[in-house]
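Coordinates as given in start-v1.txt (compact mmCIF, C-alpha atoms and all ligand atoms):
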# COMPACT_ATOMS: atom_id res chain seq x y z
CA MET K 26 3.93 200.32 76.20
CA PRO K 27 0.51 201.45 77.51
CA PRO K 28 -0.56 199.88 80.81
CA GLY K 29 -2.60 196.72 80.54
CA VAL K 30 -1.25 195.69 77.15
CA VAL K 31 -1.05 191.92 77.05
CA TRP K 32 2.01 190.40 75.42
CA SER K 33 2.65 186.90 74.07
CA VAL K 34 5.89 185.00 74.77
CA GLY K 35 7.09 185.97 71.27
CA ASP K 36 6.35 189.68 71.89
CA VAL K 37 8.27 189.64 75.18
CA ALA K 38 11.16 187.75 73.59
CA SER K 39 11.49 190.21 70.73
CA ALA K 40 10.99 193.31 72.91
CA LEU K 41 13.81 192.16 75.20
CA ASP K 42 15.89 190.53 72.47
CA LEU K 43 15.84 187.20 74.32
CA PRO K 44 15.19 183.68 73.00
CA ALA K 45 11.57 182.62 73.67
CA SER K 46 12.98 179.49 75.33
CA THR K 47 14.66 181.70 77.98
CA VAL K 48 11.34 183.39 78.76
CA ARG K 49 9.76 179.96 79.34
CA THR K 50 12.77 178.67 81.31
CA TRP K 51 12.64 181.65 83.69
CA GLU K 52 9.03 180.74 84.41
CA ARG K 53 9.68 177.02 84.85
CA ARG K 54 12.83 177.32 86.95
CA TYR K 55 12.40 180.61 88.79
CA GLY K 56 8.67 181.31 88.87
CA LEU K 57 8.62 184.38 86.63
CA ALA K 58 5.14 183.56 85.41
CA PRO K 59 2.87 185.81 83.34
CA SER K 60 -0.16 187.33 85.05
CA VAL K 61 -2.62 185.91 82.55
CA ARG K 62 -3.31 182.67 80.71
CA THR K 63 -5.83 182.65 77.87
CA PRO K 64 -8.66 180.07 78.02
CA GLY K 65 -6.56 178.05 75.56
CA GLY K 66 -3.59 178.08 78.01
CA HIS K 67 -1.42 180.63 76.16
CA ARG K 68 0.80 182.88 78.27
CA ARG K 69 -0.01 186.61 78.29
CA TYR K 70 2.28 189.17 79.96
CA ASP K 71 1.13 192.59 81.15
CA THR K 72 3.30 195.71 81.50
CA ALA K 73 4.47 194.86 85.01
CA ASP K 74 5.38 191.29 83.92
CA VAL K 75 7.47 192.66 81.05
CA GLU K 76 9.25 195.15 83.31
CA ARG K 77 9.97 192.30 85.74
CA MET K 78 11.47 190.27 82.90
CA ARG K 79 13.49 193.30 81.82
CA LEU K 80 14.84 193.73 85.34
CA MET K 81 15.68 190.00 85.48
CA GLN K 82 17.56 190.35 82.18
CA ARG K 83 19.51 193.33 83.47
CA LEU K 84 20.50 191.67 86.72
CA VAL K 85 21.58 188.48 84.96
CA GLY K 86 23.51 190.62 82.46
CA GLN K 87 25.31 192.23 85.40
CA GLY K 88 26.42 188.79 86.62
CA VAL K 89 23.79 188.14 89.32
CA ALA K 90 22.94 184.39 89.53
CA PRO K 91 19.51 183.79 87.91
CA ALA K 92 17.94 182.27 91.05
CA GLU K 93 19.02 185.27 93.14
CA ALA K 94 17.95 187.71 90.42
CA ALA K 95 14.50 186.09 90.30
CA ARG K 96 14.14 186.29 94.09
CA THR K 97 14.95 190.01 93.90
CA VAL K 98 12.55 190.60 91.03
CA LEU K 99 9.73 188.73 92.74
CA ARG K 100 10.07 190.40 96.13
CA ASP K 101 6.82 192.13 97.06
CA ASP K 102 8.33 195.52 97.65
CA LEU K 103 9.92 195.38 94.22
CA LEU K 104 6.68 194.86 92.37
CA GLN K 105 6.82 198.50 91.29
CA PRO K 106 9.40 197.94 88.56
CA ALA K 107 10.32 201.62 88.17
CA ALA K 108 11.26 202.05 91.80
CA ALA K 109 13.00 198.68 91.77
CA VAL K 110 15.18 199.52 88.81
CA LEU K 111 16.20 202.84 90.33
CA ARG K 112 16.97 201.31 93.71
CA LEU K 113 19.01 198.48 92.26
CA GLU K 114 20.85 200.36 89.54
CA GLY K 115 21.78 203.79 90.84
CA PRO K 116 22.55 206.81 88.66
CA GLU K 117 25.64 205.46 86.88
CA GLN K 118 24.05 202.32 85.49
CA TRP K 119 20.84 204.22 84.74
CA ALA K 120 22.83 206.72 82.64
CA VAL K 121 24.57 203.89 80.80
CA ASP K 122 21.18 202.34 79.99
CA VAL K 123 19.66 205.60 78.70
CA VAL K 124 22.69 206.32 76.51
CA ARG K 125 22.57 202.72 75.23
CA ALA K 126 18.92 203.21 74.27
CA GLY K 127 19.98 206.44 72.52
CA ARG K 128 22.68 204.58 70.62
CA VAL K 129 20.10 202.19 69.10
CA LEU K 130 17.60 205.07 68.61
CA ASP K 131 15.04 203.40 70.92
CA ALA K 132 12.95 206.49 71.70
CA ARG K 133 10.26 204.46 73.48
CA ARG K 134 12.75 203.00 75.89
CA ILE K 135 14.29 206.42 76.58
CA ARG K 136 10.84 207.88 77.18
CA ALA K 137 9.85 205.01 79.48
CA MET K 138 13.05 205.33 81.52
CA LEU K 139 12.68 209.10 81.87
CA HIS K 140 9.05 208.85 82.93
CA GLU K 141 9.84 206.06 85.41
CA LEU K 142 12.54 208.20 86.96
CA VAL K 143 10.54 211.39 87.19
CA ASP K 144 7.35 209.63 88.35
CA ALA K 145 9.37 208.13 91.18
CA ARG K 146 11.47 211.17 92.19
CA GLY K 147 10.14 214.31 90.48
CA VAL K 148 12.33 216.54 88.30
CA GLY K 149 13.72 218.39 91.33
CA GLY K 150 14.78 215.07 92.85
CA SER K 151 16.21 213.62 89.63
CA TRP K 152 18.09 216.38 87.83
CA ASP K 153 21.32 216.75 89.78
CA GLU K 154 21.67 213.09 90.73
CA TYR K 155 20.47 211.24 87.61
CA LEU K 156 19.90 213.52 84.64
CA VAL K 157 23.06 215.65 84.80
CA PRO K 158 25.41 212.61 84.89
CA MET K 159 23.44 211.10 82.00
CA LEU K 160 23.76 214.32 79.95
CA ARG K 161 27.46 214.53 80.71
CA ARG K 162 27.96 210.96 79.55
CA LEU K 163 25.98 211.77 76.42
CA GLY K 164 28.19 214.80 75.75
CA GLU K 165 31.41 212.89 76.43
CA ASP K 166 30.45 209.98 74.17
CA TRP K 167 29.50 212.42 71.42
CA ALA K 168 32.71 214.46 71.85
CA CYS K 169 34.96 211.39 71.63
CA GLY K 170 33.12 210.17 68.54
CA SER K 171 31.65 207.00 70.05
CA LEU K 172 28.05 208.27 69.81
CA GLY K 173 26.38 209.76 66.74
CA VAL K 174 24.97 213.26 66.94
CA GLU K 175 21.56 211.82 66.01
CA SER K 176 21.59 209.83 69.27
CA GLU K 177 22.50 212.95 71.27
CA HIS K 178 19.67 214.85 69.59
CA LEU K 179 17.16 212.04 70.20
CA VAL K 180 17.90 211.68 73.91
CA SER K 181 17.87 215.43 74.50
CA ASP K 182 14.67 215.86 72.51
CA VAL K 183 12.82 213.09 74.38
CA LEU K 184 14.03 214.61 77.65
CA LEU K 185 12.88 218.08 76.62
CA THR K 186 9.42 216.76 75.69
CA MET K 187 9.13 214.91 78.99
CA LEU K 188 10.09 218.05 80.95
CA ARG K 189 7.62 220.21 79.00
CA THR K 190 4.84 217.68 79.53
CA ARG K 191 5.60 217.80 83.23
CA VAL K 192 5.35 221.61 83.21
CA GLU K 193 2.04 221.48 81.32
CA THR K 194 0.49 219.01 83.74
CA LEU K 195 1.65 220.86 86.85
CA VAL K 196 1.53 224.55 86.25
CA PRO K 197 -1.14 226.14 88.39
CA GLY K 198 -2.52 229.30 89.11
CA ASP K 199 -3.87 232.66 88.65
CA ALA K 200 -0.95 234.86 89.62
CA PRO K 201 1.10 236.11 86.65
CA PRO K 202 4.58 234.60 86.64
CA SER K 203 7.29 236.79 88.07
CA ILE K 204 10.26 234.69 87.03
CA MET K 205 11.56 234.97 83.45
CA MET K 206 14.06 232.43 82.15
CA ALA K 207 16.02 231.86 78.94
CA SER K 208 19.23 230.57 77.46
CA ALA K 209 21.91 233.12 76.68
CA GLU K 210 22.14 234.83 73.32
CA ASP K 211 23.53 232.34 70.76
CA ASP K 212 23.34 229.41 73.18
CA GLN K 213 21.33 226.43 71.93
CA HIS K 214 21.34 224.61 75.25
CA SER K 215 17.98 224.93 76.96
CA LEU K 216 17.42 221.67 78.85
CA PRO K 217 18.54 223.02 82.26
CA VAL K 218 16.16 225.99 81.88
CA VAL K 219 13.18 223.74 81.20
CA ALA K 220 14.27 221.40 84.02
CA LEU K 221 14.30 224.38 86.35
CA GLN K 222 10.87 225.44 85.09
CA ALA K 223 9.55 221.92 85.81
CA ALA K 224 11.16 221.83 89.26
CA LEU K 225 9.59 225.23 90.05
CA ALA K 226 6.22 223.94 88.79
CA GLU K 227 6.55 220.99 91.18
CA ARG K 228 6.67 223.62 93.93
CA GLY K 229 3.65 225.41 92.52
CA ILE K 230 5.73 228.28 91.10
CA GLU K 231 5.18 229.34 87.51
CA ALA K 232 7.95 230.75 85.34
CA HIS K 233 8.02 231.87 81.72
CA VAL K 234 10.69 230.32 79.52
CA PHE K 235 11.86 232.10 76.37
CA GLY K 236 13.87 229.17 75.05
CA GLN K 237 17.19 228.89 73.29
CA ARG K 238 19.30 231.79 71.99
CA LEU K 239 17.20 234.66 73.29
CA PRO K 240 18.78 237.86 71.89
CA ALA K 241 20.01 240.22 74.60
CA ALA K 242 17.75 243.03 73.34
CA ALA K 243 14.72 240.72 73.58
CA LEU K 244 15.62 239.86 77.18
CA ALA K 245 15.68 243.60 77.96
CA THR K 246 12.22 243.93 76.35
CA VAL K 247 10.87 241.01 78.39
CA VAL K 248 12.04 242.60 81.63
CA ALA K 249 10.69 246.03 80.69
CA ARG K 250 7.27 244.55 79.84
CA THR K 251 6.83 242.02 82.63
CA GLN K 252 8.69 243.67 85.55
CA PRO K 253 9.74 240.27 86.97
CA GLN K 254 11.12 239.67 90.43
CA ALA K 255 13.82 237.38 89.07
CA VAL K 256 15.55 236.53 85.80
CA PHE K 257 17.44 233.28 85.18
CA VAL K 258 19.87 232.94 82.26
CA TRP K 259 21.61 229.67 81.34
CA ALA K 260 24.86 229.44 79.37
CA SER K 261 26.62 226.20 78.42
CA MET K 262 29.01 228.00 76.05
CA PRO K 263 31.56 230.54 77.35
CA ARG K 264 30.20 234.12 77.68
CA PRO K 265 32.55 236.98 76.90
CA THR K 266 32.68 239.82 79.41
CA GLY K 267 31.51 243.13 77.98
CA ASP K 268 29.34 241.76 75.14
CA ARG K 269 25.72 242.84 74.56
CA LEU K 270 24.23 240.30 76.97
CA HIS K 271 26.74 241.20 79.65
CA ARG K 272 25.81 244.88 79.32
CA VAL K 273 22.06 244.15 79.34
CA LEU K 274 22.28 241.92 82.42
CA THR K 275 24.44 244.43 84.25
CA ALA K 276 21.77 247.09 83.62
CA LEU K 277 18.91 244.73 84.56
CA SER K 278 20.49 243.73 87.86
CA ALA K 279 19.26 247.04 89.28
CA GLN K 280 15.63 246.06 88.50
CA ALA K 281 15.41 242.31 89.21
CA ARG K 282 17.35 239.54 90.93
CA ILE K 283 19.60 238.00 88.26
CA VAL K 284 20.47 234.32 88.69
CA LEU K 285 23.03 232.78 86.34
CA GLY K 286 23.52 229.07 85.70
CA GLY K 287 25.85 226.94 83.59
CA PRO K 288 29.57 226.65 82.91
CA GLY K 289 29.44 229.48 80.35
CA TRP K 290 29.39 232.04 83.18
CA GLU K 291 32.48 230.68 84.90
CA HIS K 292 34.69 233.67 84.04
CA THR K 293 32.01 236.35 83.95
CA THR K 294 31.17 238.75 86.75
CA ILE K 295 27.96 240.72 86.84
CA PRO K 296 27.53 242.92 89.90
CA GLN K 297 24.77 241.64 92.21
CA ALA K 298 24.04 238.57 90.07
CA ARG K 299 24.01 235.19 91.78
CA HIS K 300 25.73 232.17 90.30
CA ALA K 301 23.76 228.98 91.00
CA ARG K 302 25.98 225.90 91.02
CA ASP K 303 23.17 223.35 90.50
CA LEU K 304 19.44 223.06 90.02
CA SER K 305 18.72 222.87 93.73
CA SER K 306 20.52 226.12 94.49
CA ALA K 307 18.88 227.90 91.52
CA LEU K 308 15.52 226.68 92.79
CA ALA K 309 16.26 228.00 96.26
CA ALA K 310 17.53 231.37 94.94
CA LEU K 311 14.46 231.90 92.75
CA ALA K 312 11.92 230.61 95.26
CA ALA K 313 13.38 233.05 97.81
CA GLU K 314 12.45 235.95 95.51
CA ILE K 315 8.81 234.91 95.34
CA ALA K 316 6.55 236.06 98.12
CA TYR K 317 4.16 233.11 98.41
C1 LIG K 401 22.11 218.23 74.89
C2 LIG K 401 23.32 218.97 74.35
C3 LIG K 401 23.17 219.70 73.17
C4 LIG K 401 21.82 219.89 72.48
C5 LIG K 401 21.01 220.93 73.30
C6 LIG K 401 19.52 220.66 73.24
C7 LIG K 401 18.78 221.57 74.18
N1 LIG K 401 17.59 221.93 73.77
O1 LIG K 401 19.23 221.93 75.26
C8 LIG K 401 22.26 220.38 71.07
C9 LIG K 401 22.36 219.17 70.17
C10 LIG K 401 21.38 221.43 70.44
C11 LIG K 401 23.67 220.89 71.36
C12 LIG K 401 24.34 221.76 70.55
C13 LIG K 401 25.68 222.08 70.69
N2 LIG K 401 26.53 221.60 71.61
CO1 LIG K 401 25.95 220.59 73.15
N3 LIG K 401 25.66 219.47 74.58
C14 LIG K 401 24.57 218.91 75.02
C15 LIG K 401 24.86 218.14 76.34
C16 LIG K 401 24.91 216.66 76.02
C17 LIG K 401 23.91 218.42 77.49
C18 LIG K 401 23.67 219.92 77.72
C19 LIG K 401 23.02 220.17 79.05
O2 LIG K 401 21.82 220.23 79.17
N4 LIG K 401 23.86 220.24 80.12
C20 LIG K 401 23.39 220.35 81.48
C21 LIG K 401 24.50 219.89 82.45
C22 LIG K 401 24.73 218.40 82.18
O3 LIG K 401 25.63 220.67 82.17
P1 LIG K 401 26.94 220.80 83.10
O4 LIG K 401 27.79 221.78 82.40
O5 LIG K 401 27.55 219.51 83.39
O6 LIG K 401 26.37 221.37 84.45
C23 LIG K 401 27.19 221.83 85.50
C24 LIG K 401 26.61 223.05 86.10
O7 LIG K 401 26.20 223.90 85.14
C25 LIG K 401 25.53 222.56 87.03
N5 LIG K 401 24.18 222.38 86.51
C26 LIG K 401 23.71 221.30 85.89
N6 LIG K 401 22.41 221.46 85.65
C27 LIG K 401 22.02 222.63 86.17
C28 LIG K 401 20.78 223.24 86.21
C29 LIG K 401 20.67 224.51 86.79
C30 LIG K 401 19.35 225.19 86.81
C31 LIG K 401 21.83 225.13 87.34
C32 LIG K 401 21.73 226.48 87.91
C33 LIG K 401 23.06 224.50 87.30
C34 LIG K 401 23.15 223.23 86.73
O8 LIG K 401 25.96 221.33 87.40
C35 LIG K 401 27.13 220.98 86.70
C36 LIG K 401 28.25 221.23 87.67
O9 LIG K 401 29.31 221.84 87.13
C37 LIG K 401 26.26 218.77 76.71
C38 LIG K 401 27.12 217.91 77.63
C39 LIG K 401 27.34 218.64 78.97
N7 LIG K 401 28.28 218.21 79.73
O10 LIG K 401 26.67 219.59 79.30
C40 LIG K 401 26.83 219.13 75.34
C41 LIG K 401 27.84 220.30 75.28
C42 LIG K 401 27.44 221.41 76.23
N8 LIG K 401 27.70 220.74 73.91
C43 LIG K 401 28.82 221.09 73.36
C44 LIG K 401 28.95 221.59 72.05
C45 LIG K 401 30.39 221.79 71.53
C46 LIG K 401 27.83 221.90 71.27
C47 LIG K 401 27.81 222.56 69.88
C48 LIG K 401 28.83 223.70 69.69
C49 LIG K 401 28.02 221.43 68.86
C50 LIG K 401 28.11 221.91 67.41
N9 LIG K 401 29.28 221.79 66.87
O11 LIG K 401 27.14 222.36 66.85
C51 LIG K 401 26.36 223.05 69.79
C52 LIG K 401 26.18 224.43 70.48
C53 LIG K 401 25.86 225.53 69.60
C54 LIG K 401 25.57 226.77 70.46
N10 LIG K 401 26.01 227.89 70.00
O12 LIG K 401 24.96 226.72 71.50
C55 LIG K 401 29.99 220.94 74.33
C56 LIG K 401 30.46 222.30 74.87
C57 LIG K 401 31.96 222.36 75.03
C58 LIG K 401 32.39 223.78 75.32
N11 LIG K 401 32.24 224.23 76.54
O13 LIG K 401 32.82 224.44 74.44
C59 LIG K 401 29.38 219.94 75.39
C60 LIG K 401 29.95 220.11 76.82
C61 LIG K 401 29.64 218.51 74.87
C62 LIG K 401 31.11 218.12 74.99
N12 LIG K 401 31.45 217.24 75.93
O14 LIG K 401 31.93 218.57 74.24
N13 LIG K 401 24.16 220.35 72.50

For this file, produce the structure as structure tokens.
Ligand code: B12
Amino acid sequence: MPPGVVWSVGDVASALDLPASTVRTWERRYGLAPSVRTPGGHRRYDTADVERMRLMQRLVGQGVAPAEAARTVLRDDLLQPAAAVLRLEGPEQWAVDVVRAGRVLDARRIRAMLHELVDARGVGGSWDEYLVPMLRRLGEDWACGSLGVESEHLVSDVLLTMLRTRVETLVPGDAPPSIMMASAEDDQHSLPVVALQAALAERGIEAHVFGQRLPAAALATVVARTQPQAVFVWASMPRPTGDRLHRVLTALSAQARIVLGGPGWEHTTIPQARHARDLSSALAALAAEIAY
């Protein structure tokens, strides 16, 4: 929904899956009027009007009386719908809404919700509190069979694209990156790595990401060629002690600070490596290695 797009009553009704009569009633009874009327008197809603209607729909759906919901929606300080939704909903309800949009394969809605969140709070301020609970819910619903794998893929793909866009728009500078990051050998989970890259970029720190399933030998090559100050490796799946990656990381820990993240490392010990328990602590551990 690009800003400034002007919607008719019918467009709003079908976008929100509401009867057109409800859209008109909310205007008549509660003052939720569109910003524009055409010279012929037809109602035209802009993006902010539609988001206000969406918020009204959500609040009413949660059992708030319509008159009270409308007062909330129309309050001046709530005119920024993104901030309003976040303030009113909190992380739990937000996660439910994203997963619901995933269930009906509504990629636009997922994208809009992710951008709203990150525009309001940044990746560093959203990951642990909003995005991790949402991903966990996604994983749980998939594991118990109540959510199709296509929905899980769609949500994670839209999230990945949003995070990468954020990195592209933020990444600065002239200095060559001295942080190298990847997912463990054979591990397809890369979202936390890209989230960390985006959170670093928000602090003006550039890091190279080598993506999913980086072979252990390739990680050794990366370190030999780039001489980084720090290396971050994510594992969602359990890592066996003594395998190739374990041996490579043990050797590399003499050359660079190794930071490990993810539940896959729970039972693995690598001398001198740090285990980061969340994005904030990984950010702090890596930023501390960079002499800016
Ligand atoms: C998205 C996703 C995928 C996507 C990944 C896309 C991508 N590019 O990353 C795809 C579809 C590819 C995928 C594939 C698979 N997945 Co998957 N996936 C997920 C999901 C929903 C989110 C992953 C994620 O980003 N997690 C990040 C956070 C949410 O993980 P967390 O463990 O809760 O985080 C903890 C800490 O690590 C820390 N933390 C959180 N974020 C950060 C960030 C940083 C920087 C740090 C340091 C710490 C930190 O905070 C938490 C506190 O404990 C998870 C659900 C889940 N709970 O993780 C399943 C999940 C990880 N997947 C699972 C499975 C089984 C698979 C597959 C094997 C499925 C299959 N049969 O093919 C394959 C994996 C194949 C492989 N070899 O890797 C299981 C793993 C169970 C297990 N431990 O054995 C999970 C847990 C789902 C479930 N509930 O069963 N998956």

Need to verify the contact set: Pro240 (chain K), 12 Å, all atoms listed in the file, exclusion of same-chain residues closer than 6 positions in sequence. Can you return it as a PyMOL selection string? chain K and resi 207-213+246-247+258+268-271+273-274

What separates atom C56 of ligand LIG 401 (chain K) and CA of Ser261 (chain K) is a distance of 6.5 Å

Write out as JSON lines the residues of chain K that have any atom within 8 Å of an atom of ligand LIG 401 (chain K), one row each with the nearest atom pair and its distance in Å to one decimal, counting all atoms listed in the file, sorted by chain and then rising number.
{"residue": "K:Trp152", "atom": "CA", "partner": "K:LIG401", "partner_atom": "N6", "distance": 7.0}
{"residue": "K:Asp153", "atom": "CA", "partner": "K:LIG401", "partner_atom": "N6", "distance": 6.4}
{"residue": "K:Leu156", "atom": "CA", "partner": "K:LIG401", "partner_atom": "C22", "distance": 7.3}
{"residue": "K:Val157", "atom": "CA", "partner": "K:LIG401", "partner_atom": "C22", "distance": 4.1}
{"residue": "K:Pro158", "atom": "CA", "partner": "K:LIG401", "partner_atom": "C22", "distance": 6.4}
{"residue": "K:Met159", "atom": "CA", "partner": "K:LIG401", "partner_atom": "C22", "distance": 7.4}
{"residue": "K:Leu160", "atom": "CA", "partner": "K:LIG401", "partner_atom": "C16", "distance": 4.7}
{"residue": "K:Arg161", "atom": "CA", "partner": "K:LIG401", "partner_atom": "N7", "distance": 3.9}
{"residue": "K:Arg162", "atom": "CA", "partner": "K:LIG401", "partner_atom": "C38", "distance": 7.3}
{"residue": "K:Leu163", "atom": "CA", "partner": "K:LIG401", "partner_atom": "C16", "distance": 5.0}
{"residue": "K:Gly164", "atom": "CA", "partner": "K:LIG401", "partner_atom": "C16", "distance": 3.8}
{"residue": "K:Glu165", "atom": "CA", "partner": "K:LIG401", "partner_atom": "N12", "distance": 4.4}
{"residue": "K:Asp166", "atom": "CA", "partner": "K:LIG401", "partner_atom": "N12", "distance": 7.5}
{"residue": "K:Trp167", "atom": "CA", "partner": "K:LIG401", "partner_atom": "N12", "distance": 6.9}
{"residue": "K:Ala168", "atom": "CA", "partner": "K:LIG401", "partner_atom": "O14", "distance": 4.8}
{"residue": "K:Val174", "atom": "CA", "partner": "K:LIG401", "partner_atom": "C9", "distance": 7.2}
{"residue": "K:Glu177", "atom": "CA", "partner": "K:LIG401", "partner_atom": "C9", "distance": 6.3}
{"residue": "K:His178", "atom": "CA", "partner": "K:LIG401", "partner_atom": "C9", "distance": 5.1}
{"residue": "K:Val180", "atom": "CA", "partner": "K:LIG401", "partner_atom": "C1", "distance": 7.8}
{"residue": "K:Ser181", "atom": "CA", "partner": "K:LIG401", "partner_atom": "C1", "distance": 5.1}
{"residue": "K:Asp182", "atom": "CA", "partner": "K:LIG401", "partner_atom": "N1", "distance": 6.9}
{"residue": "K:Leu185", "atom": "CA", "partner": "K:LIG401", "partner_atom": "N1", "distance": 6.7}
{"residue": "K:Asp211", "atom": "CA", "partner": "K:LIG401", "partner_atom": "N10", "distance": 5.2}
{"residue": "K:Asp212", "atom": "CA", "partner": "K:LIG401", "partner_atom": "O12", "distance": 3.6}
{"residue": "K:Gln213", "atom": "CA", "partner": "K:LIG401", "partner_atom": "O12", "distance": 3.7}
{"residue": "K:His214", "atom": "CA", "partner": "K:LIG401", "partner_atom": "O1", "distance": 3.4}
{"residue": "K:Ser215", "atom": "CA", "partner": "K:LIG401", "partner_atom": "O1", "distance": 3.7}
{"residue": "K:Leu216", "atom": "CA", "partner": "K:LIG401", "partner_atom": "O1", "distance": 4.0}
{"residue": "K:Pro217", "atom": "CA", "partner": "K:LIG401", "partner_atom": "C28", "distance": 4.5}
{"residue": "K:Val218", "atom": "CA", "partner": "K:LIG401", "partner_atom": "C30", "distance": 5.9}
{"residue": "K:Ala220", "atom": "CA", "partner": "K:LIG401", "partner_atom": "C30", "distance": 6.9}
{"residue": "K:Leu221", "atom": "CA", "partner": "K:LIG401", "partner_atom": "C30", "distance": 5.1}
{"residue": "K:Gln237", "atom": "CA", "partner": "K:LIG401", "partner_atom": "N1", "distance": 7.0}
{"residue": "K:Arg238", "atom": "CA", "partner": "K:LIG401", "partner_atom": "O12", "distance": 7.6}
{"residue": "K:Trp259", "atom": "CA", "partner": "K:LIG401", "partner_atom": "C32", "distance": 7.3}
{"residue": "K:Ser261", "atom": "CA", "partner": "K:LIG401", "partner_atom": "C42", "distance": 5.3}
{"residue": "K:Met262", "atom": "CA", "partner": "K:LIG401", "partner_atom": "N11", "distance": 5.0}
{"residue": "K:Pro263", "atom": "CA", "partner": "K:LIG401", "partner_atom": "N11", "distance": 6.4}
{"residue": "K:Val284", "atom": "CA", "partner": "K:LIG401", "partner_atom": "C32", "distance": 8.0}
{"residue": "K:Leu285", "atom": "CA", "partner": "K:LIG401", "partner_atom": "C32", "distance": 6.6}
{"residue": "K:Gly286", "atom": "CA", "partner": "K:LIG401", "partner_atom": "C32", "distance": 3.8}
{"residue": "K:Gly287", "atom": "CA", "partner": "K:LIG401", "partner_atom": "O7", "distance": 3.4}
{"residue": "K:Pro288", "atom": "CA", "partner": "K:LIG401", "partner_atom": "O7", "distance": 4.9}
{"residue": "K:Gly289", "atom": "CA", "partner": "K:LIG401", "partner_atom": "N11", "distance": 7.1}
{"residue": "K:His300", "atom": "CA", "partner": "K:LIG401", "partner_atom": "C32", "distance": 7.4}
{"residue": "K:Ala301", "atom": "CA", "partner": "K:LIG401", "partner_atom": "C32", "distance": 4.5}
{"residue": "K:Arg302", "atom": "CA", "partner": "K:LIG401", "partner_atom": "C33", "distance": 4.9}
{"residue": "K:Asp303", "atom": "CA", "partner": "K:LIG401", "partner_atom": "C33", "distance": 3.4}
{"residue": "K:Leu304", "atom": "CA", "partner": "K:LIG401", "partner_atom": "C29", "distance": 3.7}
{"residue": "K:Ser305", "atom": "CA", "partner": "K:LIG401", "partner_atom": "C30", "distance": 7.3}
{"residue": "K:Ser306", "atom": "CA", "partner": "K:LIG401", "partner_atom": "C32", "distance": 6.7}
{"residue": "K:Ala307", "atom": "CA", "partner": "K:LIG401", "partner_atom": "C32", "distance": 4.8}
{"residue": "K:Leu308", "atom": "CA", "partner": "K:LIG401", "partner_atom": "C30", "distance": 7.3}

Serialized selection, C-alpha atoms, as an mmCIF file, in the coordinates of the input:
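The result, stored in again_20.cif:
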data_model
loop_
_atom_site.group_PDB
_atom_site.id
_atom_site.type_symbol
_atom_site.label_atom_id
_atom_site.label_comp_id
_atom_site.auth_asym_id
_atom_site.auth_seq_id
_atom_site.Cartn_x
_atom_site.Cartn_y
_atom_site.Cartn_z
ATOM 1 C CA TRP K 152 18.090 216.380 87.830
ATOM 2 C CA ASP K 153 21.320 216.750 89.780
ATOM 3 C CA LEU K 156 19.900 213.520 84.640
ATOM 4 C CA VAL K 157 23.060 215.650 84.800
ATOM 5 C CA PRO K 158 25.410 212.610 84.890
ATOM 6 C CA MET K 159 23.440 211.100 82.000
ATOM 7 C CA LEU K 160 23.760 214.320 79.950
ATOM 8 C CA ARG K 161 27.460 214.530 80.710
ATOM 9 C CA ARG K 162 27.960 210.960 79.550
ATOM 10 C CA LEU K 163 25.980 211.770 76.420
ATOM 11 C CA GLY K 164 28.190 214.800 75.750
ATOM 12 C CA GLU K 165 31.410 212.890 76.430
ATOM 13 C CA ASP K 166 30.450 209.980 74.170
ATOM 14 C CA TRP K 167 29.500 212.420 71.420
ATOM 15 C CA ALA K 168 32.710 214.460 71.850
ATOM 16 C CA VAL K 174 24.970 213.260 66.940
ATOM 17 C CA GLU K 177 22.500 212.950 71.270
ATOM 18 C CA HIS K 178 19.670 214.850 69.590
ATOM 19 C CA VAL K 180 17.900 211.680 73.910
ATOM 20 C CA SER K 181 17.870 215.430 74.500
ATOM 21 C CA ASP K 182 14.670 215.860 72.510
ATOM 22 C CA LEU K 185 12.880 218.080 76.620
ATOM 23 C CA ASP K 211 23.530 232.340 70.760
ATOM 24 C CA ASP K 212 23.340 229.410 73.180
ATOM 25 C CA GLN K 213 21.330 226.430 71.930
ATOM 26 C CA HIS K 214 21.340 224.610 75.250
ATOM 27 C CA SER K 215 17.980 224.930 76.960
ATOM 28 C CA LEU K 216 17.420 221.670 78.850
ATOM 29 C CA PRO K 217 18.540 223.020 82.260
ATOM 30 C CA VAL K 218 16.160 225.990 81.880
ATOM 31 C CA ALA K 220 14.270 221.400 84.020
ATOM 32 C CA LEU K 221 14.300 224.380 86.350
ATOM 33 C CA GLN K 237 17.190 228.890 73.290
ATOM 34 C CA ARG K 238 19.300 231.790 71.990
ATOM 35 C CA TRP K 259 21.610 229.670 81.340
ATOM 36 C CA SER K 261 26.620 226.200 78.420
ATOM 37 C CA MET K 262 29.010 228.000 76.050
ATOM 38 C CA PRO K 263 31.560 230.540 77.350
ATOM 39 C CA VAL K 284 20.470 234.320 88.690
ATOM 40 C CA LEU K 285 23.030 232.780 86.340
ATOM 41 C CA GLY K 286 23.520 229.070 85.700
ATOM 42 C CA GLY K 287 25.850 226.940 83.590
ATOM 43 C CA PRO K 288 29.570 226.650 82.910
ATOM 44 C CA GLY K 289 29.440 229.480 80.350
ATOM 45 C CA HIS K 300 25.730 232.170 90.300
ATOM 46 C CA ALA K 301 23.760 228.980 91.000
ATOM 47 C CA ARG K 302 25.980 225.900 91.020
ATOM 48 C CA ASP K 303 23.170 223.350 90.500
ATOM 49 C CA LEU K 304 19.440 223.060 90.020
ATOM 50 C CA SER K 305 18.720 222.870 93.730
ATOM 51 C CA SER K 306 20.520 226.120 94.490
ATOM 52 C CA ALA K 307 18.880 227.900 91.520
ATOM 53 C CA LEU K 308 15.520 226.680 92.790
#

Rank nothing, just name the residue among K:Leu311, K:Leu239, K:Val183, K:Ile295 nearest to Leu225 (chain K), using all atoms listed in the file. K:Leu311
